[in-house]
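To start, the structure itself, in structure tokens.
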Amino acid sequence: MPDYAGNNLTSAKEISSATGLQAFSDRVDAFDTDDYYRISLSGRSSLNIAINGLSADANVQLLDRNGNTLQTSANSAGISEAVSQVLDANVYYIRVYQSSSGADTDYTLNLKLQNNPKIDVLWRDYSSGANAVWFMGGTNNSSITTSTSLTSVATNWQVEGIADFNGDNRPDLVWRDYSSGANAVWFMGGTNNATLIGSTSLTSVATNWQIEGIADFNGDNRPDLVWRDYSSGANAVWFMGGTNNATLIGSTSLTSV
């Protein structure tokens with residue numbers, strides 16, 4: 001495979017700061033142990049980086065303009081890598097490099113950028129089932145600029161997480177009913193992303209299990225679910241995929257705690 005990326009900060013491959021998903025395929029091996037990419041951000045942005053398609057172990061780092069490490073993902077045994085961070089306007093570098101095993105591997109670098117991210121606040125009234133969003137702005141994003149109500153839901157359902165499940169760059173809502181073990185995703189859209197435009201059920205899980213986090217664990221740029229059983233201390237990850245990322249395509253156990 002040709003070497004598209006540079007081998008140091010000076011020769012780093014320039015990549016676009018356009019929003020959306022970008023992908024780059026390359027290789028690290030004994031003759032090319034490090035690949036560098038350079039991105040220039042003109043404003044505050046959310047950057048998500050993943051490398052997958054690995055046949056052996058490789059790692060990824062996010063660096064500042066001086067080459068100082070901001071984040072590292074260094075899983076073992078060829079597991080996909082991912083880092084995410086909100087960044088201010090500046091120059092940044094992405095380094096993909098061989099692990100200490102020294103094995104050769106092809107890889108695909110996936111990069112997703114969102115400009116000027118702002119955080120809003122989701123509210124739920126568990127006594128009535130009402131839901132609402134505060135849209136934030138102003139200095140330090142600390143002022144309520146407006147608000148809107150969302151569709152009400154029976155009080156036995158809890159909001160367990162927020163992530164973009166259907167790939168439209170808008171946050172969706174993950175729900176769990178702890179009385180029955182049912183799970184669902186609301187796909188949000190419309191003005192201010194405050195309209196329920198569709199929903200789907202997820203695989204049900206025994207009520208002793210709780211959803212504890214949502215993140216891309218396998219580097220496919222899709223959110224996965226982290227589960228914990230507080231009765232036994234068991235932990236697990238669901239790898240999600242399929243239409244609207246609503247299908248359980250695999251799972252793995254984590255160390256019990």
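Here's how to read the names in the structure tokens: chain A, B, ... by the order shown, residue numbers from 1 in each chain, ligand numbers from 1 in the order shown.
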
Polymer residues at most 12 Å from range 131-137 of chain A, only C-alpha atoms, same-chain spacing of 2 or more positions, as an MDAnalysis selection string:
chainID A and resid 116:129 139:155 157:159 173 191:196

The selected residues should be written to file as a tab-separated table (two decimals), in the first residue's frame (atoms: N, CA and C atoms).
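Dumped to result.tsv:
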chain	number	residue	atom	x	y	z
A	116	ASN	N	-18.23	24.28	16.12
A	116	ASN	CA	-18.92	25.11	17.10
A	116	ASN	C	-19.93	24.34	17.93
A	117	PRO	N	-19.51	23.23	18.57
A	117	PRO	CA	-20.47	22.47	19.36
A	117	PRO	C	-20.90	23.23	20.61
A	118	LYS	N	-22.17	23.17	20.92
A	118	LYS	CA	-22.71	23.74	22.16
A	118	LYS	C	-23.54	22.69	22.86
A	119	ILE	N	-23.51	22.72	24.16
A	119	ILE	CA	-24.19	21.71	24.96
A	119	ILE	C	-25.51	22.28	25.47
A	120	ASP	N	-26.60	21.54	25.23
A	120	ASP	CA	-27.90	21.89	25.76
A	120	ASP	C	-28.23	20.95	26.91
A	121	VAL	N	-29.35	21.19	27.58
A	121	VAL	CA	-29.70	20.43	28.78
A	121	VAL	C	-31.04	19.73	28.56
A	122	LEU	N	-31.05	18.41	28.78
A	122	LEU	CA	-32.27	17.61	28.69
A	122	LEU	C	-32.83	17.39	30.09
A	123	TRP	N	-34.12	17.67	30.25
A	123	TRP	CA	-34.79	17.52	31.54
A	123	TRP	C	-35.88	16.45	31.45
A	124	ARG	N	-36.08	15.71	32.56
A	124	ARG	CA	-37.19	14.76	32.67
A	124	ARG	C	-37.83	14.87	34.03
A	125	ASP	N	-39.17	14.94	34.06
A	125	ASP	CA	-39.94	14.96	35.30
A	125	ASP	C	-40.47	13.54	35.52
A	126	TYR	N	-39.84	12.82	36.45
A	126	TYR	CA	-40.22	11.43	36.67
A	126	TYR	C	-41.53	11.29	37.41
A	127	SER	N	-42.08	12.37	37.94
A	127	SER	CA	-43.39	12.29	38.59
A	127	SER	C	-44.53	12.38	37.58
A	128	SER	N	-44.29	13.02	36.42
A	128	SER	CA	-45.35	13.21	35.43
A	128	SER	C	-45.05	12.57	34.08
A	129	GLY	N	-43.76	12.29	33.80
A	129	GLY	CA	-43.38	11.77	32.49
A	129	GLY	C	-43.06	12.85	31.47
A	139	THR	N	-22.46	33.81	27.04
A	139	THR	CA	-21.11	33.66	27.58
A	139	THR	C	-20.95	32.33	28.28
A	140	ASN	N	-19.93	31.58	27.89
A	140	ASN	CA	-19.64	30.27	28.47
A	140	ASN	C	-20.81	29.30	28.33
A	141	ASN	N	-21.71	29.57	27.36
A	141	ASN	CA	-22.86	28.68	27.11
A	141	ASN	C	-23.71	28.49	28.36
A	142	SER	N	-23.81	29.53	29.20
A	142	SER	CA	-24.46	29.40	30.50
A	142	SER	C	-25.81	30.11	30.58
A	143	SER	N	-26.33	30.58	29.43
A	143	SER	CA	-27.63	31.25	29.42
A	143	SER	C	-28.65	30.41	28.69
A	144	ILE	N	-29.88	30.39	29.20
A	144	ILE	CA	-30.98	29.69	28.52
A	144	ILE	C	-31.49	30.62	27.43
A	145	THR	N	-31.30	30.23	26.17
A	145	THR	CA	-31.76	31.07	25.07
A	145	THR	C	-33.21	30.79	24.72
A	146	THR	N	-33.64	29.54	24.89
A	146	THR	CA	-35.04	29.15	24.68
A	146	THR	C	-35.20	27.74	25.21
A	147	SER	N	-36.42	27.22	25.18
A	147	SER	CA	-36.67	25.85	25.64
A	147	SER	C	-37.85	25.28	24.87
A	148	THR	N	-38.00	23.97	24.92
A	148	THR	CA	-39.12	23.32	24.25
A	148	THR	C	-39.46	22.02	24.96
A	149	SER	N	-40.71	21.63	24.87
A	149	SER	CA	-41.16	20.36	25.44
A	149	SER	C	-40.96	19.23	24.43
A	150	LEU	N	-40.65	18.04	24.93
A	150	LEU	CA	-40.58	16.84	24.11
A	150	LEU	C	-41.79	15.96	24.42
A	151	THR	N	-41.98	14.92	23.63
A	151	THR	CA	-43.06	13.98	23.87
A	151	THR	C	-42.95	13.38	25.26
A	152	SER	N	-44.06	13.28	25.96
A	152	SER	CA	-44.07	12.67	27.29
A	152	SER	C	-43.97	11.16	27.20
A	153	VAL	N	-43.44	10.55	28.26
A	153	VAL	CA	-43.24	9.10	28.32
A	153	VAL	C	-43.66	8.62	29.71
A	154	ALA	N	-44.23	7.43	29.78
A	154	ALA	CA	-44.62	6.84	31.06
A	154	ALA	C	-43.46	6.87	32.05
A	155	THR	N	-43.77	7.07	33.32
A	155	THR	CA	-42.75	7.33	34.33
A	155	THR	C	-41.84	6.14	34.62
A	157	TRP	N	-40.14	4.64	32.42
A	157	TRP	CA	-39.02	4.72	31.48
A	157	TRP	C	-38.00	5.77	31.94
A	158	GLN	N	-36.71	5.44	31.77
A	158	GLN	CA	-35.64	6.37	32.13
A	158	GLN	C	-34.77	6.66	30.90
A	159	VAL	N	-34.35	7.93	30.78
A	159	VAL	CA	-33.37	8.29	29.75
A	159	VAL	C	-32.00	7.79	30.19
A	173	LEU	N	-32.12	9.67	21.62
A	173	LEU	CA	-32.29	9.33	23.03
A	173	LEU	C	-32.42	7.83	23.23
A	191	THR	N	-37.24	20.96	13.89
A	191	THR	CA	-36.70	22.21	14.41
A	191	THR	C	-36.04	21.99	15.77
A	192	ASN	N	-34.78	22.41	15.87
A	192	ASN	CA	-34.01	22.27	17.11
A	192	ASN	C	-33.89	20.82	17.57
A	193	ASN	N	-34.08	19.87	16.63
A	193	ASN	CA	-33.95	18.45	16.95
A	193	ASN	C	-34.89	18.03	18.08
A	194	ALA	N	-36.03	18.69	18.21
A	194	ALA	CA	-36.94	18.46	19.33
A	194	ALA	C	-38.17	17.65	18.96
A	195	THR	N	-38.18	17.08	17.74
A	195	THR	CA	-39.33	16.30	17.30
A	195	THR	C	-38.97	14.82	17.22
A	196	LEU	N	-39.84	13.98	17.78
A	196	LEU	CA	-39.66	12.54	17.68
A	196	LEU	C	-40.07	12.11	16.27

Write out as a PDB file with C-alpha atoms, in the first residue's frame each polymer residue whose atoms come within 9 Å of Gln114 in chain A, counting only C-alpha atoms; drop sequence neighbours fewer than 2 positions from it.
ATOM      1  CA  ALA A  18     -14.851  20.124   6.646  1.00  0.00           C
ATOM      2  CA  THR A  19     -17.582  18.707   8.854  1.00  0.00           C
ATOM      3  CA  GLY A  20     -18.785  15.158   8.448  1.00  0.00           C
ATOM      4  CA  ARG A  44     -14.200  25.492  18.358  1.00  0.00           C
ATOM      5  CA  SER A  45     -14.920  21.960  17.127  1.00  0.00           C
ATOM      6  CA  SER A  46     -15.664  18.449  18.316  1.00  0.00           C
ATOM      7  CA  LEU A  47     -13.237  15.935  16.819  1.00  0.00           C
ATOM      8  CA  ASN A  48     -13.816  12.162  16.853  1.00  0.00           C
ATOM      9  CA  LYS A 112     -15.575  13.097  12.175  1.00  0.00           C
ATOM     10  CA  ASN A 116     -18.917  25.113  17.098  1.00  0.00           C
ATOM     11  CA  PRO A 117     -20.471  22.469  19.363  1.00  0.00           C
ATOM     12  CA  ASN A 169     -25.390  14.166  13.047  1.00  0.00           C
TER      13      ASN A 169
END

Would you list the contacts of range 217-233 of chain A as a PyMOL selection string, taking every protein, DNA or RNA residue within 6 Å and counting only C-alpha atoms, but skipping same-chain residues closer than 6 positions in sequence?
chain A and resi 50+52+80-82+208-211+239-240+256-257

Computed interatomic separation between CA of Gly161 in chain A and CA of Val174 in chain A (Å):
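CA of Gly161 in chain A sits 5.1 Å away from CA of Val174 in chain A.
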
Of the candidates A:Asn245, A:Thr69, A:Asn183, A:Asn59, which one gets nearest to Asp216 in chain A if we count only C-alpha atoms?
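So, comparing all the options, the nearest one is A:Asn245.
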
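Across the model, the gap from CA of Ser204 in chain A to CA of Asn156 in chain A is 14.9 Å.
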
Given the choices A:Leu9, A:Asp106, A:Ser17, A:Ser84, which gets closest to Asp57 in chain A if the distance is worked out from only C-alpha atoms?
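Nearest to Asp57 in chain A: A:Asp106.
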
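For the pair CA of Asn244 in chain A and CA of Val83 in chain A, the interatomic distance is 22.5 Å.
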
Using only C-alpha atoms, which of A:Leu63, A:Ala215, A:Ile94, A:Ser55 sits nearest Gly78 in chain A?
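Checking each of A:Leu63, A:Ala215, A:Ile94, A:Ser55 against Gly78 in chain A, counting only C-alpha atoms, the winner is A:Ser55.
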
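Among the candidates A:Arg176, A:Arg170, A:Arg65, A:Lys13, the residue lying nearest to Val96 in chain A is A:Lys13 (atoms considered: only C-alpha atoms).
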